[in-house]
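Taking it in order: structure first as C-alpha coordinates, then the write-up.
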Amino acid sequence: ACTAFTPIRTTAPRVAARRAVDSEVEAPTRPQDDDATKSISAAYSLFQGSDPTTALKAQILQLGASLDRGQSYNPTAGDYYRVRMEVAREKVEELVAMSGPLPTDLKGIDGEWELVYTTVPHGIFRSSPFFLAVQEAFEYAESKTAFGEDKGNLFFKLHELQTCSWGVSKIGRVAQVIDADAGMLYSEFDTSIFSLTVIPILGWFKLLPTFGGCVITASKAELGEGGKIDMEVEYTTSKPVPGLQGLGKWIWSIKVPVGPVWKLLPWNKGRPPVCSVQLKYVDDDFRIVEDKDGELFVYSRPVFSRP
(Lines give C-alpha, C1' and ligand atoms only; values in the text may rest on other atoms or scores of the structure.)
Protein backbone atom coordinates (compact mmCIF):
# COMPACT_ATOMS: atom_id res chain seq x y z
CA ALA A 1 0.00 0.00 0.00
CA CYS A 2 1.20 3.49 -0.77
CA THR A 3 1.85 6.00 2.00
CA ALA A 4 2.71 9.66 1.98
CA PHE A 5 6.35 8.66 2.16
CA THR A 6 6.31 6.04 -0.60
CA PRO A 7 8.80 6.98 -3.36
CA ILE A 8 6.93 8.86 -6.09
CA ARG A 9 6.68 7.10 -9.44
CA THR A 10 8.11 9.14 -12.26
CA THR A 11 6.18 9.96 -15.41
CA ALA A 12 6.92 11.65 -18.70
CA PRO A 13 7.48 15.43 -18.48
CA ARG A 14 4.30 17.47 -18.68
CA VAL A 15 3.79 19.78 -21.63
CA ALA A 16 1.44 22.27 -19.96
CA ALA A 17 2.94 24.43 -17.26
CA ARG A 18 1.11 24.66 -13.93
CA ARG A 19 -0.35 28.02 -12.99
CA ALA A 20 1.31 29.76 -10.07
CA VAL A 21 -1.07 29.88 -7.12
CA ASP A 22 -0.10 33.47 -6.29
CA SER A 23 -0.49 34.93 -9.79
CA GLU A 24 -2.36 38.22 -9.40
CA VAL A 25 -5.56 36.67 -8.13
CA GLU A 26 -7.60 38.89 -5.84
CA ALA A 27 -9.02 36.77 -3.04
CA PRO A 28 -12.69 37.27 -2.18
CA THR A 29 -14.14 36.65 1.27
CA ARG A 30 -14.21 32.87 0.79
CA PRO A 31 -11.82 32.19 -2.10
CA GLN A 32 -12.48 28.42 -2.10
CA ASP A 33 -15.99 29.23 -3.37
CA ASP A 34 -14.60 31.35 -6.18
CA ASP A 35 -14.22 29.92 -9.70
CA ALA A 36 -10.77 31.48 -10.12
CA THR A 37 -9.45 29.79 -6.99
CA LYS A 38 -11.02 26.46 -7.93
CA SER A 39 -9.32 26.74 -11.31
CA ILE A 40 -5.97 27.34 -9.61
CA SER A 41 -6.51 24.40 -7.28
CA ALA A 42 -7.38 22.10 -10.17
CA ALA A 43 -4.33 23.25 -12.12
CA TYR A 44 -2.07 22.46 -9.18
CA SER A 45 -1.28 18.93 -10.31
CA LEU A 46 2.09 18.19 -8.69
CA PHE A 47 2.77 14.51 -7.92
CA GLN A 48 -0.06 13.33 -10.18
CA GLY A 49 2.07 10.33 -11.21
CA SER A 50 1.06 8.74 -7.92
CA ASP A 51 -2.28 7.36 -6.79
CA PRO A 52 -4.76 10.14 -5.86
CA THR A 53 -4.39 9.78 -2.08
CA THR A 54 -0.59 9.84 -2.14
CA ALA A 55 -0.61 12.76 -4.59
CA LEU A 56 -2.89 14.82 -2.31
CA LYS A 57 -0.72 14.07 0.72
CA ALA A 58 2.40 15.15 -1.15
CA GLN A 59 0.69 18.36 -2.32
CA ILE A 60 -0.43 19.17 1.23
CA LEU A 61 3.08 18.57 2.55
CA GLN A 62 4.57 20.81 -0.17
CA LEU A 63 2.06 23.61 0.47
CA GLY A 64 2.46 23.22 4.22
CA ALA A 65 6.24 23.57 3.87
CA SER A 66 6.00 26.65 1.63
CA LEU A 67 3.51 28.27 4.03
CA ASP A 68 5.42 27.33 7.21
CA ARG A 69 2.49 25.11 8.27
CA GLY A 70 0.12 28.04 7.65
CA GLN A 71 2.01 30.71 9.62
CA SER A 72 3.10 32.60 6.50
CA TYR A 73 -0.44 33.84 5.95
CA ASN A 74 -1.32 36.41 8.60
CA PRO A 75 -4.61 38.27 7.98
CA THR A 76 -3.45 41.04 10.33
CA ALA A 77 -0.51 41.81 8.04
CA GLY A 78 -2.31 41.55 4.70
CA ASP A 79 -3.81 39.31 2.03
CA TYR A 80 -0.58 37.94 0.61
CA TYR A 81 -0.54 34.12 0.54
CA ARG A 82 -4.30 34.07 1.12
CA VAL A 83 -5.11 32.33 -2.15
CA ARG A 84 -2.28 29.85 -1.60
CA MET A 85 -3.78 29.09 1.82
CA GLU A 86 -7.19 28.47 0.29
CA VAL A 87 -5.70 26.16 -2.32
CA ALA A 88 -4.08 24.20 0.51
CA ARG A 89 -7.42 24.06 2.31
CA GLU A 90 -9.09 22.67 -0.79
CA LYS A 91 -6.45 19.95 -1.01
CA VAL A 92 -7.08 19.02 2.63
CA GLU A 93 -10.83 18.91 2.01
CA GLU A 94 -10.26 16.68 -1.02
CA LEU A 95 -8.31 14.27 1.18
CA VAL A 96 -11.02 14.35 3.85
CA ALA A 97 -13.55 13.39 1.17
CA MET A 98 -11.52 10.20 0.61
CA SER A 99 -11.73 9.19 4.27
CA GLY A 100 -12.64 5.63 5.13
CA PRO A 101 -14.32 4.45 8.35
CA LEU A 102 -13.03 6.34 11.39
CA PRO A 103 -11.79 4.61 14.56
CA THR A 104 -14.04 4.64 17.61
CA ASP A 105 -11.36 4.69 20.31
CA LEU A 106 -7.97 6.29 20.90
CA LYS A 107 -6.04 3.17 19.89
CA GLY A 108 -6.80 4.07 16.27
CA ILE A 109 -4.83 7.33 16.60
CA ASP A 110 -2.30 6.29 19.25
CA GLY A 111 1.28 7.60 19.16
CA GLU A 112 3.17 10.69 18.03
CA TRP A 113 1.88 13.18 15.44
CA GLU A 114 3.45 16.41 14.18
CA LEU A 115 1.51 19.37 12.77
CA VAL A 116 2.31 19.95 9.09
CA TYR A 117 -0.44 22.41 8.12
CA THR A 118 -3.38 24.29 9.59
CA THR A 119 -5.92 26.76 8.26
CA VAL A 120 -6.28 28.51 11.64
CA PRO A 121 -5.23 32.18 11.76
CA HIS A 122 -3.20 33.87 14.49
CA GLY A 123 -1.00 31.08 15.79
CA ILE A 124 -0.43 27.40 15.01
CA PHE A 125 -0.16 26.85 18.79
CA ARG A 126 -3.96 26.92 18.72
CA SER A 127 -3.88 23.16 18.12
CA SER A 128 -3.21 22.84 21.88
CA PRO A 129 -6.25 21.78 23.96
CA PHE A 130 -5.49 24.67 26.31
CA PHE A 131 -6.10 27.24 23.56
CA LEU A 132 -8.99 25.21 22.16
CA ALA A 133 -10.56 25.39 25.63
CA VAL A 134 -9.99 29.17 25.68
CA GLN A 135 -11.67 29.37 22.28
CA GLU A 136 -14.70 27.39 23.45
CA ALA A 137 -14.95 29.34 26.72
CA PHE A 138 -15.75 32.47 24.71
CA GLU A 139 -18.93 30.74 23.52
CA TYR A 140 -20.34 31.24 27.03
CA ALA A 141 -19.58 34.97 27.14
CA GLU A 142 -22.58 37.28 27.47
CA SER A 143 -21.28 39.20 24.46
CA LYS A 144 -19.48 37.19 21.79
CA THR A 145 -17.99 40.17 19.93
CA ALA A 146 -15.75 43.10 20.78
CA PHE A 147 -14.71 45.99 18.53
CA GLY A 148 -16.68 44.33 15.73
CA GLU A 149 -14.74 41.05 15.93
CA ASP A 150 -15.38 37.61 17.38
CA LYS A 151 -13.92 37.68 20.91
CA GLY A 152 -12.08 34.39 20.45
CA ASN A 153 -10.33 35.49 17.27
CA LEU A 154 -9.59 38.90 18.79
CA PHE A 155 -7.96 37.22 21.79
CA PHE A 156 -5.67 35.10 19.59
CA LYS A 157 -4.90 38.04 17.34
CA LEU A 158 -3.79 40.14 20.32
CA HIS A 159 -1.91 37.20 21.85
CA GLU A 160 0.03 36.72 18.61
CA LEU A 161 0.85 40.44 18.38
CA GLN A 162 2.08 40.52 21.98
CA THR A 163 4.21 37.34 21.84
CA CYS A 164 5.54 37.20 18.29
CA SER A 165 6.31 40.85 17.42
CA TRP A 166 9.93 41.98 16.92
CA GLY A 167 11.27 38.44 16.97
CA VAL A 168 10.44 38.00 20.66
CA SER A 169 9.04 34.49 20.26
CA LYS A 170 9.10 31.84 17.53
CA ILE A 171 7.12 28.62 17.35
CA GLY A 172 9.01 25.50 16.29
CA ARG A 173 7.83 21.91 16.33
CA VAL A 174 4.13 21.45 17.15
CA ALA A 175 3.05 17.92 18.01
CA GLN A 176 0.63 15.68 19.86
CA VAL A 177 1.38 12.41 21.63
CA ILE A 178 -1.65 10.24 22.29
CA ASP A 179 -1.45 7.57 24.99
CA ALA A 180 -4.50 5.43 24.35
CA ASP A 181 -3.96 3.15 27.35
CA ALA A 182 -3.87 6.11 29.76
CA GLY A 183 -6.61 8.01 27.93
CA MET A 184 -4.34 11.05 27.64
CA LEU A 185 -3.36 13.50 24.90
CA TYR A 186 -0.13 15.46 25.34
CA SER A 187 0.08 18.57 23.17
CA GLU A 188 3.57 20.00 22.65
CA PHE A 189 4.96 23.10 21.02
CA ASP A 190 8.54 24.36 21.05
CA THR A 191 9.06 28.05 21.60
CA SER A 192 12.27 30.06 21.45
CA ILE A 193 12.53 33.51 23.02
CA PHE A 194 14.74 36.32 21.68
CA SER A 195 16.00 34.26 18.73
CA LEU A 196 16.45 37.50 16.73
CA THR A 197 17.21 40.61 18.78
CA VAL A 198 19.31 43.42 17.30
CA ILE A 199 19.09 47.18 16.88
CA PRO A 200 17.62 47.70 13.36
CA ILE A 201 20.10 49.14 10.81
CA LEU A 202 22.79 49.75 13.47
CA GLY A 203 23.15 46.30 14.95
CA TRP A 204 24.83 43.16 13.64
CA PHE A 205 25.09 41.15 16.84
CA LYS A 206 22.51 39.64 19.20
CA LEU A 207 21.57 41.80 22.15
CA LEU A 208 19.97 39.03 24.22
CA PRO A 209 20.56 35.29 24.58
CA THR A 210 18.10 32.84 23.04
CA PHE A 211 16.28 30.50 25.40
CA GLY A 212 13.08 28.50 25.49
CA GLY A 213 11.70 24.99 25.70
CA CYS A 214 8.83 22.68 24.90
CA VAL A 215 5.46 23.63 26.41
CA ILE A 216 3.29 20.60 27.19
CA THR A 217 -0.45 20.53 27.84
CA ALA A 218 -1.73 17.25 29.30
CA SER A 219 -5.40 16.48 28.75
CA LYS A 220 -7.75 13.61 29.35
CA ALA A 221 -9.08 12.48 25.99
CA GLU A 222 -11.81 10.24 24.69
CA LEU A 223 -12.70 9.33 21.12
CA GLY A 224 -16.29 8.33 20.58
CA GLU A 225 -18.67 7.37 17.81
CA GLY A 226 -18.69 9.79 14.89
CA GLY A 227 -15.07 10.80 15.42
CA LYS A 228 -15.55 13.39 18.16
CA ILE A 229 -12.50 13.76 20.42
CA ASP A 230 -13.48 15.20 23.81
CA MET A 231 -10.67 16.66 25.95
CA GLU A 232 -10.32 18.15 29.41
CA VAL A 233 -7.09 19.96 30.25
CA GLU A 234 -5.39 18.75 33.45
CA TYR A 235 -2.10 20.61 33.62
CA THR A 236 0.66 22.34 31.69
CA THR A 237 4.38 21.79 32.12
CA SER A 238 7.55 22.04 30.05
CA LYS A 239 10.68 20.15 29.13
CA PRO A 240 14.01 21.06 27.53
CA VAL A 241 14.58 21.11 23.78
CA PRO A 242 18.00 19.68 22.83
CA GLY A 243 20.33 22.53 21.83
CA LEU A 244 18.08 25.28 23.22
CA GLN A 245 19.06 27.00 26.46
CA GLY A 246 16.41 26.93 29.18
CA LEU A 247 15.78 29.11 32.21
CA GLY A 248 17.09 26.43 34.54
CA LYS A 249 16.37 22.89 35.71
CA TRP A 250 13.86 24.18 38.24
CA ILE A 251 11.36 25.18 35.56
CA TRP A 252 11.05 21.69 34.03
CA SER A 253 9.56 20.29 37.23
CA ILE A 254 6.76 22.86 37.48
CA LYS A 255 3.23 21.63 36.76
CA VAL A 256 0.48 24.23 36.56
CA PRO A 257 -2.87 22.66 37.58
CA VAL A 258 -5.03 24.22 34.89
CA GLY A 259 -8.25 22.46 35.84
CA PRO A 260 -8.68 23.76 39.42
CA VAL A 261 -7.43 27.26 38.57
CA TRP A 262 -9.66 27.47 35.48
CA LYS A 263 -12.80 26.78 37.52
CA LEU A 264 -11.95 29.57 39.96
CA LEU A 265 -11.81 32.26 37.27
CA PRO A 266 -15.08 34.21 37.52
CA TRP A 267 -15.82 34.30 33.78
CA ASN A 268 -15.63 30.49 33.57
CA LYS A 269 -18.40 30.18 36.22
CA GLY A 270 -17.10 26.86 37.55
CA ARG A 271 -16.90 25.19 34.15
CA PRO A 272 -13.89 22.88 33.54
CA PRO A 273 -11.38 23.53 30.73
CA VAL A 274 -12.99 21.30 28.13
CA CYS A 275 -12.87 21.30 24.34
CA SER A 276 -13.42 18.98 21.42
CA VAL A 277 -12.35 18.46 17.83
CA GLN A 278 -13.83 16.33 15.10
CA LEU A 279 -11.66 13.62 13.56
CA LYS A 280 -12.11 13.96 9.79
CA TYR A 281 -9.45 11.64 8.36
CA VAL A 282 -6.85 9.16 9.60
CA ASP A 283 -4.60 6.54 8.08
CA ASP A 284 -1.13 5.19 8.86
CA ASP A 285 0.53 8.52 7.97
CA PHE A 286 -1.97 11.39 8.21
CA ARG A 287 -4.54 12.60 10.70
CA ILE A 288 -6.88 15.58 10.14
CA VAL A 289 -9.12 17.18 12.76
CA GLU A 290 -11.52 20.14 12.67
CA ASP A 291 -12.25 22.58 15.49
CA LYS A 292 -15.65 24.12 16.25
CA ASP A 293 -14.91 27.09 13.97
CA GLY A 294 -14.33 24.78 11.01
CA GLU A 295 -10.53 25.26 11.00
CA LEU A 296 -8.49 22.23 9.98
CA PHE A 297 -5.34 20.78 11.55
CA VAL A 298 -3.26 18.30 9.55
CA TYR A 299 -0.81 16.01 11.35
CA SER A 300 1.59 13.41 10.01
CA ARG A 301 3.67 10.72 11.62
CA PRO A 302 7.15 12.21 12.20
CA VAL A 303 10.10 11.15 10.06
CA PHE A 304 12.37 11.97 13.02
CA SER A 305 10.62 11.04 16.24
CA ARG A 306 11.44 12.93 19.43
CA PRO A 307 12.53 10.73 22.36
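Going by the C-alpha coordinates order, chains are called A, B, ..., each with residues numbered from 1, while ligands are numbered from 1 in the order shown.
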> So which residues of stretch 224-298 of chain A fall under helix (DSSP H, G or I) by DSSP, listed as a VMD selection string?
Replying inline: chain A and resid 225 to 227 249 to 252 258 to 264 266 to 268
>> Neighbouring residues of A:Val177 were defined as those with any atom within 7 Å, considering only C-alpha atoms; residues of the same chain fewer than 4 positions away were excluded. Please report them as an NGL selection string.
In response: :A and (111-113 or 185-187)
>> Quick one: residues within 12 Å of A:Asp105, only C-alpha atoms, excluding same-chain residues fewer than 4 positions away - as JSON, numbers by chain?
In response: {"A": [109, 110, 178, 179, 180, 181, 183, 184, 221, 222, 223, 224, 225, 226, 227, 228, 229, 230, 279]}
>> Which of stretch 35-139 of chain A end up as strand (DSSP E or B) when DSSP is run on this backbone - answer as a list of chain:residue names?
In response: A:Gly111, A:Glu112, A:Trp113, A:Glu114, A:Leu115, A:Val116, A:Tyr117, A:Thr118
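Contact shell of A:Ser276 at 9 Å (only C-alpha atoms; same-chain neighbours under 3 positions omitted): Pro129, Leu132, Ala133, Glu136, Lys228, Ile229, Asp230, Met231, Glu232, Asp291 and Lys292 of chain A.
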The selected residues should be written to file as a PDB file, in the first residue's frame (atoms: N, CA, C and O atoms).
ATOM      1  N   PRO A 129      -4.950  21.788  23.270  1.00  0.00           N
ATOM      2  CA  PRO A 129      -6.248  21.776  23.961  1.00  0.00           C
ATOM      3  C   PRO A 129      -6.447  22.962  24.896  1.00  0.00           C
ATOM      4  O   PRO A 129      -7.577  23.390  25.114  1.00  0.00           O
ATOM      5  N   LEU A 132      -7.674  25.615  22.639  1.00  0.00           N
ATOM      6  CA  LEU A 132      -8.992  25.211  22.160  1.00  0.00           C
ATOM      7  C   LEU A 132     -10.042  25.427  23.257  1.00  0.00           C
ATOM      8  O   LEU A 132     -11.177  25.832  22.975  1.00  0.00           O
ATOM      9  N   ALA A 133      -9.645  25.166  24.513  1.00  0.00           N
ATOM     10  CA  ALA A 133     -10.564  25.395  25.632  1.00  0.00           C
ATOM     11  C   ALA A 133     -10.834  26.885  25.813  1.00  0.00           C
ATOM     12  O   ALA A 133     -11.970  27.286  26.123  1.00  0.00           O
ATOM     13  N   GLU A 136     -13.334  27.824  23.158  1.00  0.00           N
ATOM     14  CA  GLU A 136     -14.702  27.386  23.450  1.00  0.00           C
ATOM     15  C   GLU A 136     -15.295  28.130  24.639  1.00  0.00           C
ATOM     16  O   GLU A 136     -16.518  28.297  24.732  1.00  0.00           O
ATOM     17  N   LYS A 228     -15.722  12.244  17.287  1.00  0.00           N
ATOM     18  CA  LYS A 228     -15.548  13.394  18.162  1.00  0.00           C
ATOM     19  C   LYS A 228     -14.537  13.064  19.251  1.00  0.00           C
ATOM     20  O   LYS A 228     -14.676  12.063  19.963  1.00  0.00           O
ATOM     21  N   ILE A 229     -13.510  13.924  19.381  1.00  0.00           N
ATOM     22  CA  ILE A 229     -12.496  13.764  20.423  1.00  0.00           C
ATOM     23  C   ILE A 229     -12.773  14.795  21.505  1.00  0.00           C
ATOM     24  O   ILE A 229     -12.626  16.002  21.286  1.00  0.00           O
ATOM     25  N   ASP A 230     -13.212  14.324  22.671  1.00  0.00           N
ATOM     26  CA  ASP A 230     -13.478  15.201  23.806  1.00  0.00           C
ATOM     27  C   ASP A 230     -12.243  15.256  24.697  1.00  0.00           C
ATOM     28  O   ASP A 230     -11.628  14.219  24.991  1.00  0.00           O
ATOM     29  N   MET A 231     -11.864  16.479  25.130  1.00  0.00           N
ATOM     30  CA  MET A 231     -10.668  16.656  25.947  1.00  0.00           C
ATOM     31  C   MET A 231     -10.968  17.555  27.134  1.00  0.00           C
ATOM     32  O   MET A 231     -11.797  18.456  27.047  1.00  0.00           O
ATOM     33  N   GLU A 232     -10.278  17.289  28.233  1.00  0.00           N
ATOM     34  CA  GLU A 232     -10.321  18.151  29.412  1.00  0.00           C
ATOM     35  C   GLU A 232      -8.892  18.367  29.883  1.00  0.00           C
ATOM     36  O   GLU A 232      -8.183  17.413  30.208  1.00  0.00           O
ATOM     37  N   ASP A 291     -11.746  21.988  14.256  1.00  0.00           N
ATOM     38  CA  ASP A 291     -12.253  22.581  15.490  1.00  0.00           C
ATOM     39  C   ASP A 291     -13.676  23.097  15.279  1.00  0.00           C
ATOM     40  O   ASP A 291     -14.252  22.962  14.191  1.00  0.00           O
ATOM     41  N   LYS A 292     -14.242  23.708  16.316  1.00  0.00           N
ATOM     42  CA  LYS A 292     -15.645  24.124  16.248  1.00  0.00           C
ATOM     43  C   LYS A 292     -15.867  25.295  15.305  1.00  0.00           C
ATOM     44  O   LYS A 292     -17.009  25.573  14.921  1.00  0.00           O
TER      45      LYS A 292
END
> Could you state the separation of atom CA of A:Thr118 and atom CA of A:Lys57 in Å, given to one decimal place?
Replying inline: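 Interatomic distance, atom CA of A:Thr118 to atom CA of A:Lys57: 13.8 Å.
Atom CA of A:Leu296 to atom CA of A:His122 spans 13.6 Å [interatomic distance, one decimal].
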> Which polymer residues have any atom within 10 Å of an atom of A:Glu94, counting only C-alpha atoms, with same-chain residues fewer than 5 positions away left out, as an MDAnalysis selection string?
Replying inline: chainID A and resid 52:53 56 88:89 99
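You will find atom CA of A:Val116 at 24.5 Å from atom CA of A:Val274.
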> Using only C-alpha atoms, which residues sit within 9 Å of A:Met85 once same-chain residues fewer than 5 positions away are excluded, as number ranges by chain?
Replying inline: A: 63-64, 67, 70, 73, 90, 119
